[in-house]
>>> print(open('query-v1.cif').read())   # mmCIF, C-alpha atoms and all ligand atoms
data_final
loop_
_atom_site.label_atom_id
_atom_site.label_comp_id
_atom_site.auth_asym_id
_atom_site.auth_seq_id
_atom_site.Cartn_x
_atom_site.Cartn_y
_atom_site.Cartn_z
CA MET A 596 -72.69 168.20 182.86
CA ARG A 597 -70.57 167.83 179.75
CA LYS A 598 -72.35 168.13 176.45
CA VAL A 599 -72.48 165.26 173.97
CA ILE A 600 -74.20 165.09 170.59
CA ALA A 601 -75.69 161.77 169.53
CA TYR A 602 -76.41 161.59 165.81
CA GLU A 603 -78.65 159.29 163.76
CA ARG A 604 -77.91 155.91 165.32
CA VAL A 605 -77.12 155.03 168.91
CA GLU A 606 -79.01 152.09 170.38
CA LYS A 607 -81.55 153.05 173.05
CA PRO A 608 -80.00 151.37 176.14
CA VAL A 609 -76.65 152.95 175.31
CA LEU A 610 -78.21 156.35 174.73
CA GLU A 611 -80.08 156.11 178.03
CA ASP A 612 -76.90 155.18 179.87
CA LEU A 613 -75.03 158.13 178.35
CA GLN A 614 -77.90 160.45 179.24
CA LYS A 615 -77.36 159.63 182.93
CA LYS A 616 -73.78 160.87 182.77
CA TYR A 617 -73.73 163.60 180.14
CA ASP A 618 -75.94 166.32 178.73
CA VAL A 619 -76.84 164.33 175.60
CA HIS A 620 -78.72 165.83 172.66
CA PHE A 621 -79.93 163.35 170.08
CA PHE A 622 -80.45 164.43 166.46
CA LYS A 623 -81.95 162.49 163.59
CA ASN A 624 -83.14 163.45 160.10
CA ILE A 625 -81.76 166.98 160.28
CA ASP A 626 -79.37 168.91 158.08
CA PRO A 627 -76.30 169.27 160.30
CA LYS A 628 -75.11 172.20 158.21
CA THR A 629 -78.15 174.33 158.90
CA ASP A 630 -80.20 173.00 161.82
CA PRO A 631 -80.08 175.83 164.39
CA GLU A 632 -80.61 173.57 167.42
CA PHE A 633 -77.85 171.20 166.27
CA LEU A 634 -75.45 174.08 165.62
CA LYS A 635 -76.19 175.59 169.03
CA HIS A 636 -75.33 172.38 170.87
CA LEU A 637 -72.41 171.64 168.57
CA HIS A 638 -70.75 174.82 169.76
CA GLN A 639 -70.53 173.48 173.32
CA ALA A 640 -70.22 169.76 172.60
CA GLU A 641 -67.15 167.92 173.87
CA GLY A 642 -68.09 164.65 172.24
CA ILE A 643 -70.06 163.35 169.26
CA ILE A 644 -71.27 159.78 168.91
CA GLY A 645 -73.24 158.44 165.97
CA LEU A 646 -73.45 157.33 162.38
CA ASP A 647 -72.36 159.07 159.20
CA LEU A 648 -72.16 162.66 160.43
CA PRO A 649 -69.89 164.49 157.97
CA VAL A 650 -67.13 165.76 160.26
CA ASP A 651 -65.37 168.25 158.03
CA HIS A 652 -63.73 171.65 158.23
CA GLU A 653 -67.09 173.44 158.30
CA LEU A 654 -68.46 171.35 161.18
CA LEU A 655 -65.22 171.61 163.14
CA GLU A 656 -65.20 175.40 162.82
CA ASN A 657 -68.47 175.33 164.75
CA ALA A 658 -67.22 172.89 167.40
CA PRO A 659 -64.50 174.67 169.37
CA ASN A 660 -64.83 172.42 172.46
CA LEU A 661 -64.84 169.08 170.67
CA LYS A 662 -62.47 166.42 172.04
CA ILE A 663 -63.68 163.22 170.38
CA VAL A 664 -65.90 161.98 167.54
CA SER A 665 -66.98 158.38 167.92
CA ASN A 666 -68.46 156.60 164.91
CA VAL A 667 -71.00 153.80 165.35
CA SER A 668 -69.53 152.09 162.30
CA VAL A 669 -66.31 150.57 161.12
CA GLY A 670 -66.22 152.85 158.07
CA TYR A 671 -65.01 156.39 158.75
CA ASN A 672 -65.16 158.02 155.34
CA ASN A 673 -67.38 160.69 156.97
CA PHE A 674 -64.31 162.00 158.86
CA ASP A 675 -61.87 164.53 157.45
CA LEU A 676 -58.92 163.04 159.32
CA GLU A 677 -56.53 165.79 158.28
CA GLN A 678 -58.78 168.43 159.84
CA LEU A 679 -59.30 166.34 162.98
CA ASP A 680 -55.56 165.71 163.36
CA LYS A 681 -54.80 169.39 162.88
CA ARG A 682 -57.06 170.19 165.82
CA ASN A 683 -55.94 167.21 167.94
CA ILE A 684 -59.48 165.84 168.06
CA MET A 685 -59.70 162.09 168.60
CA ALA A 686 -61.65 159.98 166.12
CA THR A 687 -62.76 156.39 166.69
CA ASN A 688 -64.69 153.62 164.93
CA THR A 689 -66.00 150.16 165.81
CA PRO A 690 -63.92 147.50 164.07
CA GLY A 691 -63.99 143.77 164.75
CA ILE A 692 -67.38 143.25 166.33
CA LEU A 693 -69.31 143.55 163.07
CA THR A 694 -67.05 141.41 160.91
CA ASP A 695 -69.14 138.22 160.83
CA THR A 696 -72.41 140.11 160.54
CA VAL A 697 -71.25 142.05 157.48
CA ALA A 698 -69.75 138.89 155.95
CA ASP A 699 -73.12 137.14 156.42
CA THR A 700 -74.89 140.02 154.67
CA VAL A 701 -72.46 140.01 151.77
CA PHE A 702 -72.74 136.27 151.37
CA GLY A 703 -76.51 136.55 151.69
CA ILE A 704 -76.71 139.06 148.82
CA LEU A 705 -74.36 136.94 146.77
CA ILE A 706 -76.56 133.85 147.08
CA ALA A 707 -79.75 135.88 146.71
CA THR A 708 -78.48 137.41 143.47
CA ALA A 709 -77.14 134.17 141.99
CA ARG A 710 -80.23 132.16 142.87
CA ARG A 711 -82.60 135.09 142.18
CA ILE A 712 -84.25 134.67 145.58
CA PRO A 713 -86.07 138.05 145.88
CA GLU A 714 -87.34 137.83 142.28
CA LEU A 715 -88.64 134.29 142.70
CA ASP A 716 -90.13 135.14 146.08
CA HIS A 717 -92.22 137.78 144.30
CA PHE A 718 -93.07 135.28 141.57
CA VAL A 719 -94.55 132.88 144.14
CA LYS A 720 -96.26 135.53 146.25
CA ASP A 721 -97.75 137.24 143.18
CA GLY A 722 -99.51 133.97 142.34
CA GLN A 723 -97.54 133.41 139.13
CA TRP A 724 -96.42 129.88 140.06
CA ASP A 725 -99.20 128.08 138.21
CA GLN A 726 -97.11 125.41 136.48
CA ASN A 727 -93.70 123.75 136.74
CA ILE A 728 -90.88 126.25 136.54
CA GLU A 729 -88.80 126.45 133.38
CA SER A 730 -85.17 127.25 132.63
CA LYS A 731 -86.03 130.94 132.48
CA HIS A 732 -86.40 130.76 136.26
CA PHE A 733 -83.08 129.03 136.93
CA GLY A 734 -80.30 130.70 138.84
CA ILE A 735 -76.60 129.97 138.75
CA ASP A 736 -74.48 127.94 141.16
CA VAL A 737 -72.41 129.58 143.85
CA HIS A 738 -70.54 126.52 145.11
CA HIS A 739 -67.31 125.54 143.31
CA LYS A 740 -67.19 128.86 141.46
CA THR A 741 -64.46 131.50 141.59
CA LEU A 742 -64.95 134.37 144.02
CA GLY A 743 -62.88 137.52 143.60
CA ILE A 744 -62.59 139.55 146.80
CA ILE A 745 -61.38 143.14 146.51
CA GLY A 746 -60.18 144.21 149.96
CA MET A 747 -58.81 141.50 152.24
CA GLY A 748 -59.24 143.09 155.66
CA ARG A 749 -61.20 141.46 158.49
CA ILE A 750 -64.48 141.37 156.55
CA GLY A 751 -62.84 140.16 153.34
CA GLN A 752 -61.30 137.31 155.31
CA ALA A 753 -64.62 136.38 156.91
CA ILE A 754 -66.13 136.23 153.41
CA ALA A 755 -63.21 134.06 152.24
CA LYS A 756 -63.81 131.71 155.19
CA ARG A 757 -67.46 131.23 154.23
CA ALA A 758 -66.58 130.78 150.56
CA HIS A 759 -63.77 128.28 151.13
CA PHE A 760 -65.13 126.13 153.95
CA GLY A 761 -68.84 126.46 153.20
CA PHE A 762 -69.01 126.59 149.42
CA ASP A 763 -65.77 125.04 148.10
CA MET A 764 -65.13 128.18 146.09
CA ASP A 765 -61.80 129.14 144.54
CA ILE A 766 -60.72 132.47 145.96
CA VAL A 767 -58.82 135.18 144.15
CA TYR A 768 -58.14 138.39 146.04
CA HIS A 769 -56.73 141.83 145.55
CA SER A 770 -55.70 144.17 148.34
CA ARG A 771 -53.06 146.75 149.19
CA THR A 772 -50.87 144.14 150.84
CA ARG A 773 -50.51 140.41 150.26
CA LYS A 774 -51.73 138.21 153.11
CA PRO A 775 -49.76 134.94 153.16
CA GLU A 776 -51.82 133.55 156.07
CA VAL A 777 -55.04 134.12 154.11
CA GLU A 778 -53.53 132.47 151.05
CA GLU A 779 -52.66 129.44 153.13
CA THR A 780 -55.83 129.17 155.24
CA TYR A 781 -58.38 129.74 152.47
CA HIS A 782 -56.26 128.63 149.50
CA ALA A 783 -56.63 132.16 148.15
CA THR A 784 -54.61 133.45 145.20
CA TYR A 785 -53.37 137.01 145.05
CA ALA A 786 -54.08 138.76 141.74
CA SER A 787 -53.91 142.18 140.16
CA LEU A 788 -57.27 143.91 140.00
CA ASP A 789 -57.57 143.24 136.27
CA GLU A 790 -56.73 139.55 136.65
CA LEU A 791 -59.29 139.23 139.44
CA LEU A 792 -61.98 140.89 137.33
CA THR A 793 -61.38 138.66 134.32
CA GLN A 794 -61.13 135.40 136.27
CA SER A 795 -63.98 135.70 138.80
CA ASP A 796 -67.55 134.45 138.54
CA PHE A 797 -68.41 136.69 141.48
CA VAL A 798 -66.64 139.94 142.21
CA CYS A 799 -67.11 141.13 145.75
CA LEU A 800 -66.02 144.67 146.68
CA ILE A 801 -65.42 145.15 150.39
CA THR A 802 -62.70 147.78 150.51
CA PRO A 803 -63.07 150.92 152.68
CA LEU A 804 -63.88 154.20 150.92
CA THR A 805 -60.76 156.36 150.77
CA PRO A 806 -59.52 158.91 148.21
CA GLU A 807 -57.62 156.00 146.58
CA THR A 808 -60.61 153.65 146.33
CA GLU A 809 -63.26 156.21 145.33
CA GLY A 810 -64.70 155.21 141.94
CA MET A 811 -62.24 152.31 141.63
CA ILE A 812 -64.80 150.14 139.81
CA GLY A 813 -66.28 151.74 136.71
CA LYS A 814 -66.88 151.17 133.01
CA ARG A 815 -63.45 149.70 132.29
CA GLU A 816 -63.61 147.31 135.23
CA PHE A 817 -67.15 146.11 134.46
CA GLU A 818 -66.06 145.49 130.87
CA LEU A 819 -63.24 143.28 132.15
CA MET A 820 -65.68 141.10 134.09
CA LYS A 821 -67.19 137.97 132.56
CA LYS A 822 -70.55 138.55 130.86
CA SER A 823 -71.90 135.88 133.21
CA GLY A 824 -70.25 137.65 136.19
CA ILE A 825 -72.08 138.88 139.26
CA PHE A 826 -70.94 142.02 141.06
CA ILE A 827 -71.49 142.47 144.80
CA ASN A 828 -70.87 145.74 146.62
CA GLY A 829 -70.65 145.56 150.42
CA SER A 830 -68.28 148.50 150.86
CA ARG A 831 -69.53 152.01 150.15
CA GLY A 832 -71.56 153.30 147.22
CA LYS A 833 -68.84 155.69 146.11
CA THR A 834 -66.21 152.99 145.63
CA ILE A 835 -67.92 152.37 142.30
CA VAL A 836 -69.26 154.61 139.56
CA GLU A 837 -72.95 153.80 140.00
CA GLN A 838 -73.97 154.97 136.53
CA ASP A 839 -71.37 152.62 135.04
CA LEU A 840 -72.87 149.72 136.99
CA ILE A 841 -76.31 150.64 135.64
CA ASP A 842 -74.89 150.77 132.11
CA ALA A 843 -73.01 147.46 132.53
CA LEU A 844 -76.22 145.73 133.62
CA THR A 845 -78.28 147.39 130.90
CA ASN A 846 -75.77 146.51 128.17
CA GLY A 847 -75.26 142.94 129.36
CA GLU A 848 -71.59 143.51 130.28
CA ILE A 849 -72.30 141.62 133.50
CA ALA A 850 -75.15 139.31 134.43
CA ALA A 851 -76.37 140.66 137.75
CA ALA A 852 -75.48 142.72 140.82
CA GLY A 853 -76.21 142.74 144.53
CA VAL A 854 -75.63 145.99 146.40
CA ASP A 855 -75.99 146.97 150.04
CA VAL A 856 -74.71 150.49 149.43
CA PHE A 857 -75.45 153.36 147.07
CA GLU A 858 -73.72 156.49 145.83
CA LYS A 859 -76.38 158.54 147.61
CA GLU A 860 -78.16 157.11 150.66
CA PRO A 861 -81.07 156.77 150.92
CA THR A 862 -81.08 156.22 147.19
CA ASP A 863 -83.71 157.86 144.95
CA PRO A 864 -86.78 155.68 144.37
CA ASP A 865 -86.26 156.17 140.62
CA ASN A 866 -82.71 154.78 140.66
CA PRO A 867 -82.69 152.34 137.68
CA LEU A 868 -80.98 149.71 139.86
CA LEU A 869 -84.25 149.38 141.80
CA LYS A 870 -86.21 148.58 138.64
CA MET A 871 -84.00 145.79 137.34
CA LYS A 872 -84.85 142.13 137.78
CA ASN A 873 -81.21 141.11 137.91
CA THR A 874 -80.30 143.24 140.93
CA VAL A 875 -80.71 142.64 144.63
CA THR A 876 -80.73 145.86 146.62
CA LEU A 877 -80.47 146.43 150.36
CA PRO A 878 -80.64 149.69 152.36
CA HIS A 879 -77.07 149.58 153.79
CA VAL A 880 -77.74 146.95 156.43
CA GLY A 881 -74.38 145.15 156.38
CA SER A 882 -73.93 145.35 160.12
CA SER A 883 -77.55 145.88 161.08
CA THR A 884 -78.66 143.05 163.31
CA HIS A 885 -80.04 143.72 166.79
CA GLU A 886 -77.05 142.03 168.39
CA THR A 887 -74.35 143.75 166.38
CA GLU A 888 -75.87 147.24 166.37
CA LEU A 889 -76.05 147.08 170.17
CA LYS A 890 -72.43 145.96 170.43
CA MET A 891 -71.37 148.74 168.04
CA SER A 892 -73.19 151.38 170.07
CA GLU A 893 -71.63 150.01 173.27
CA LEU A 894 -68.14 150.06 171.80
CA ALA A 895 -68.67 153.56 170.39
CA ALA A 896 -69.81 154.71 173.85
CA THR A 897 -66.70 153.16 175.45
CA ASN A 898 -64.53 155.00 172.93
CA LEU A 899 -66.39 158.25 173.60
CA GLU A 900 -66.22 158.02 177.37
CA LYS A 901 -62.56 157.04 177.45
CA GLY A 902 -61.73 160.02 175.27
CA LEU A 903 -63.84 162.44 177.30
CA ASN A 904 -62.31 161.29 180.55
CA GLY A 905 -58.63 161.43 179.57
CA GLY A 906 -58.18 157.71 178.84
CA LYS A 907 -57.05 156.15 175.59
CA PRO A 908 -60.02 155.04 173.47
CA PRO A 909 -59.50 151.44 172.32
CA ASN A 910 -60.31 152.18 168.67
CA LEU A 911 -58.46 155.38 167.85
CA ILE A 912 -58.17 155.78 164.09
CA ASP A 913 -55.01 157.85 164.39
CA PRO A 914 -53.19 157.04 167.66
CA GLU A 915 -50.81 159.93 166.97
CA VAL A 916 -53.50 162.36 168.11
CA TRP A 917 -53.60 160.75 171.54
CA LYS A 918 -49.81 160.85 171.78
CA GLN A 919 -49.87 164.56 170.94
CA LEU A 920 -52.54 165.20 173.56
CA HIS A 921 -50.62 163.34 176.26
CA LYS A 922 -47.14 164.45 175.30
CA GLY A 923 -45.01 164.88 178.39
CA SER A 924 -47.64 163.51 180.80
C1 LIG A 1001 -69.97 150.11 158.88
O1 LIG A 1001 -69.86 149.85 160.07
O2 LIG A 1001 -69.15 150.79 158.27
C2 LIG A 1001 -71.20 149.62 158.20
O3 LIG A 1001 -71.14 149.75 156.84
C3 LIG A 1001 -72.38 150.40 158.72
O4 LIG A 1001 -72.25 151.73 158.36
#
>>> encode(input="query-v1.cif", output="structure tokens")
Amino acid sequence: MRKVIAYERVEKPVLEDLQKKYDVHFFKNIDPKTDPEFLKHLHQAEGIIGLDLPVDHELLENAPNLKIVSNVSVGYNNFDLEQLDKRNIMATNTPGILTDTVADTVFGILIATARRIPELDHFVKDGQWDQNIESKHFGIDVHHKTLGIIGMGRIGQAIAKRAHFGFDMDIVYHSRTRKPEVEETYHATYASLDELLTQSDFVCLITPLTPETEGMIGKREFELMKKSGIFINGSRGKTIVEQDLIDALTNGEIAAAGVDVFEKEPTDPDNPLLKMKNTVTLPHVGSSTHETELKMSELAATNLEKGLNGGKPPNLIDPEVWKQLHKGS
């Protein structure tokens, strides 16, 4: 039976199905650089499926039989694509199926932050609601405000749809390429990053993490935002400089922030962002609903099996690798 490594997150029914067909070894909460059992199986593994395993030069040196790495996520910043391409190893992700779920999460954090929902939930549950609320408990409106979306891929567009049709918001966006159809459908205006930051009431970051986007929002960018502005991060923790966000909130450069992602995950319990009243923090659950996680695991398994069995995985990140592998056939 061919060996497959499953790492961190593969939904149970999918894992059980794979176990019927392959010699699957599931690893969780280990250090993949040092765990002897993991390294032993890695040496013979033809496929890897899972979440957030750093697939870099070091790992690949220990995986001489590897044919495919299949992420159970749309993000693939854990892959060193250059190293994978060099070795003609296929890499796949799970785009599309999680779009609406992540957009719901991002919009949820946005409303929760603006209307201070977690904070006021605690206020009620802690028994502090003993008289009529005062202006110090008020939130700010979301509807009819200006939303700046950085990254206008599938998820950015699903956020724009909610903002335009559900909340009558004005949409400003910034992305690598202009999207005329988005501008028309959601009445969105393309802007430079700086224009977006200065104009928006809410700045929502949803761009993938790449060498170009790493640390793209820091001190200078927070300073450009309105003092009443709210920053939402639904991308990856490293697309911002987290310390600069902490400073911007502490110094009143921006009013509040909602984040689903952190520079280091899980984040340290003493991260100042967790102690602030004007932040809403989630443990990277953008796509984590029962329905969507199952669909992501299923799609990742389809990608894995196609690749293992000589077919073309539907979600190849770099289709050139497949062409190279099947050159002349
Ligand atoms: C994704 O799919 O990239 C989500 O952020 C979960 O990791």
>>> atom_distance(input="query-v1.cif", atom1="atom CA of Ile766 of chain A", atom2="atom CA of Ile835 of chain A")
21.5 Å
>>> residues_around(input="query-v1.cif", residues="segment 785-791 of chain A", least_positions_apart="5", cutoff="10 Å", atoms="all atoms listed in the file", output="mmCIF file with C-alpha atoms, keeping the file's coordinate frame")
data_model
loop_
_atom_site.group_PDB
_atom_site.id
_atom_site.type_symbol
_atom_site.label_atom_id
_atom_site.label_comp_id
_atom_site.auth_asym_id
_atom_site.auth_seq_id
_atom_site.Cartn_x
_atom_site.Cartn_y
_atom_site.Cartn_z
ATOM 1 C CA THR A 741 -64.460 131.500 141.590
ATOM 2 C CA LEU A 742 -64.950 134.370 144.020
ATOM 3 C CA GLY A 743 -62.880 137.520 143.600
ATOM 4 C CA ILE A 744 -62.590 139.550 146.800
ATOM 5 C CA ILE A 745 -61.380 143.140 146.510
ATOM 6 C CA ILE A 766 -60.720 132.470 145.960
ATOM 7 C CA VAL A 767 -58.820 135.180 144.150
ATOM 8 C CA TYR A 768 -58.140 138.390 146.040
ATOM 9 C CA HIS A 769 -56.730 141.830 145.550
ATOM 10 C CA SER A 770 -55.700 144.170 148.340
ATOM 11 C CA THR A 772 -50.870 144.140 150.840
ATOM 12 C CA ARG A 773 -50.510 140.410 150.260
ATOM 13 C CA LYS A 774 -51.730 138.210 153.110
ATOM 14 C CA PRO A 775 -49.760 134.940 153.160
ATOM 15 C CA VAL A 777 -55.040 134.120 154.110
ATOM 16 C CA GLU A 778 -53.530 132.470 151.050
ATOM 17 C CA ASP A 796 -67.550 134.450 138.540
ATOM 18 C CA PHE A 797 -68.410 136.690 141.480
ATOM 19 C CA VAL A 798 -66.640 139.940 142.210
ATOM 20 C CA MET A 811 -62.240 152.310 141.630
ATOM 21 C CA ILE A 812 -64.800 150.140 139.810
ATOM 22 C CA ARG A 815 -63.450 149.700 132.290
ATOM 23 C CA GLU A 816 -63.610 147.310 135.230
ATOM 24 C CA LEU A 819 -63.240 143.280 132.150
ATOM 25 C CA MET A 820 -65.680 141.100 134.090
#
>>> residues_around(input="query-v1.cif", residues="segment 899-916 of chain A", least_positions_apart="4", cutoff="9 Å", atoms="all atoms listed in the file", output="list in words")
Arg597, Leu613, Glu641, Gly642, Ile643, Ile644, Lys662, Ile663, Val664, Ser665, Tyr671, Leu676, Leu679, Asp680, Lys681, Arg682, Asn683, Ile684, Met685, Ala686, Thr687, Asn688, Thr689, Pro690, Leu894, Ala895, Leu920 and His921 of chain A
>>> write_last_selection(input="query-v1.cif", atoms="C-alpha atoms", output="CSV table (one decimal), in the coordinates of the input")
chain,number,residue,atom,x,y,z
A,597,ARG,CA,-70.6,167.8,179.8
A,613,LEU,CA,-75.0,158.1,178.4
A,641,GLU,CA,-67.2,167.9,173.9
A,642,GLY,CA,-68.1,164.6,172.2
A,643,ILE,CA,-70.1,163.4,169.3
A,644,ILE,CA,-71.3,159.8,168.9
A,662,LYS,CA,-62.5,166.4,172.0
A,663,ILE,CA,-63.7,163.2,170.4
A,664,VAL,CA,-65.9,162.0,167.5
A,665,SER,CA,-67.0,158.4,167.9
A,671,TYR,CA,-65.0,156.4,158.8
A,676,LEU,CA,-58.9,163.0,159.3
A,679,LEU,CA,-59.3,166.3,163.0
A,680,ASP,CA,-55.6,165.7,163.4
A,681,LYS,CA,-54.8,169.4,162.9
A,682,ARG,CA,-57.1,170.2,165.8
A,683,ASN,CA,-55.9,167.2,167.9
A,684,ILE,CA,-59.5,165.8,168.1
A,685,MET,CA,-59.7,162.1,168.6
A,686,ALA,CA,-61.6,160.0,166.1
A,687,THR,CA,-62.8,156.4,166.7
A,688,ASN,CA,-64.7,153.6,164.9
A,689,THR,CA,-66.0,150.2,165.8
A,690,PRO,CA,-63.9,147.5,164.1
A,894,LEU,CA,-68.1,150.1,171.8
A,895,ALA,CA,-68.7,153.6,170.4
A,920,LEU,CA,-52.5,165.2,173.6
A,921,HIS,CA,-50.6,163.3,176.3
>>> residues_around(input="query-v1.cif", residues="Glu837 of chain A", least_positions_apart="2", cutoff="10 Å", atoms="all atoms listed in the file", output="count of residues only")
18
>>> residues_near_ligand(input="query-v1.cif", ligand="ligand LIG 1001 (chain A)", cutoff="10 Å", atoms="only C-alpha atoms and all ligand atoms", output="short mmCIF file (atom, residue, chain, number, x, y, z; two decimals) with C-alpha atoms, in the frame of the given file")
data_model
loop_
_atom_site.label_atom_id
_atom_site.label_comp_id
_atom_site.auth_asym_id
_atom_site.auth_seq_id
_atom_site.Cartn_x
_atom_site.Cartn_y
_atom_site.Cartn_z
CA ARG A 604 -77.91 155.91 165.32
CA LEU A 646 -73.45 157.33 162.38
CA ASP A 647 -72.36 159.07 159.20
CA ASN A 666 -68.46 156.60 164.91
CA VAL A 667 -71.00 153.80 165.35
CA SER A 668 -69.53 152.09 162.30
CA VAL A 669 -66.31 150.57 161.12
CA GLY A 670 -66.22 152.85 158.07
CA TYR A 671 -65.01 156.39 158.75
CA ASN A 672 -65.16 158.02 155.34
CA ASN A 688 -64.69 153.62 164.93
CA THR A 689 -66.00 150.16 165.81
CA PRO A 690 -63.92 147.50 164.07
CA GLY A 691 -63.99 143.77 164.75
CA ILE A 692 -67.38 143.25 166.33
CA LEU A 693 -69.31 143.55 163.07
CA THR A 694 -67.05 141.41 160.91
CA THR A 696 -72.41 140.11 160.54
CA VAL A 697 -71.25 142.05 157.48
CA ILE A 801 -65.42 145.15 150.39
CA PRO A 803 -63.07 150.92 152.68
CA LEU A 804 -63.88 154.20 150.92
CA GLY A 829 -70.65 145.56 150.42
CA SER A 830 -68.28 148.50 150.86
CA ARG A 831 -69.53 152.01 150.15
CA ASP A 855 -75.99 146.97 150.04
CA VAL A 856 -74.71 150.49 149.43
CA HIS A 879 -77.07 149.58 153.79
CA VAL A 880 -77.74 146.95 156.43
CA GLY A 881 -74.38 145.15 156.38
CA SER A 882 -73.93 145.35 160.12
CA SER A 883 -77.55 145.88 161.08
CA THR A 887 -74.35 143.75 166.38
CA GLU A 888 -75.87 147.24 166.37
CA MET A 891 -71.37 148.74 168.04
#
>>> closest_residue(input="query-v1.cif", among="A:Arg771, A:Lys623, A:Lys615, A:Lys628", to="Tyr602 of chain A", atoms="all atoms listed in the file")
A:Lys623
>>> closest_residue(input="query-v1.cif", among="A:Pro713, A:Gly722, A:Gly847, A:Gly645", to="Val609 of chain A", atoms="only C-alpha atoms")
A:Gly645
>>> atom_distance(input="query-v1.cif", atom1="atom CA of Val836 of chain A", atom2="atom CA of Val701 of chain A")
19.3 Å
>>> closest_residue(input="query-v1.cif", among="A:Glu729, A:Glu886, A:Glu776, A:Glu603", to="Phe622 of chain A", atoms="all atoms listed in the file")
A:Glu603
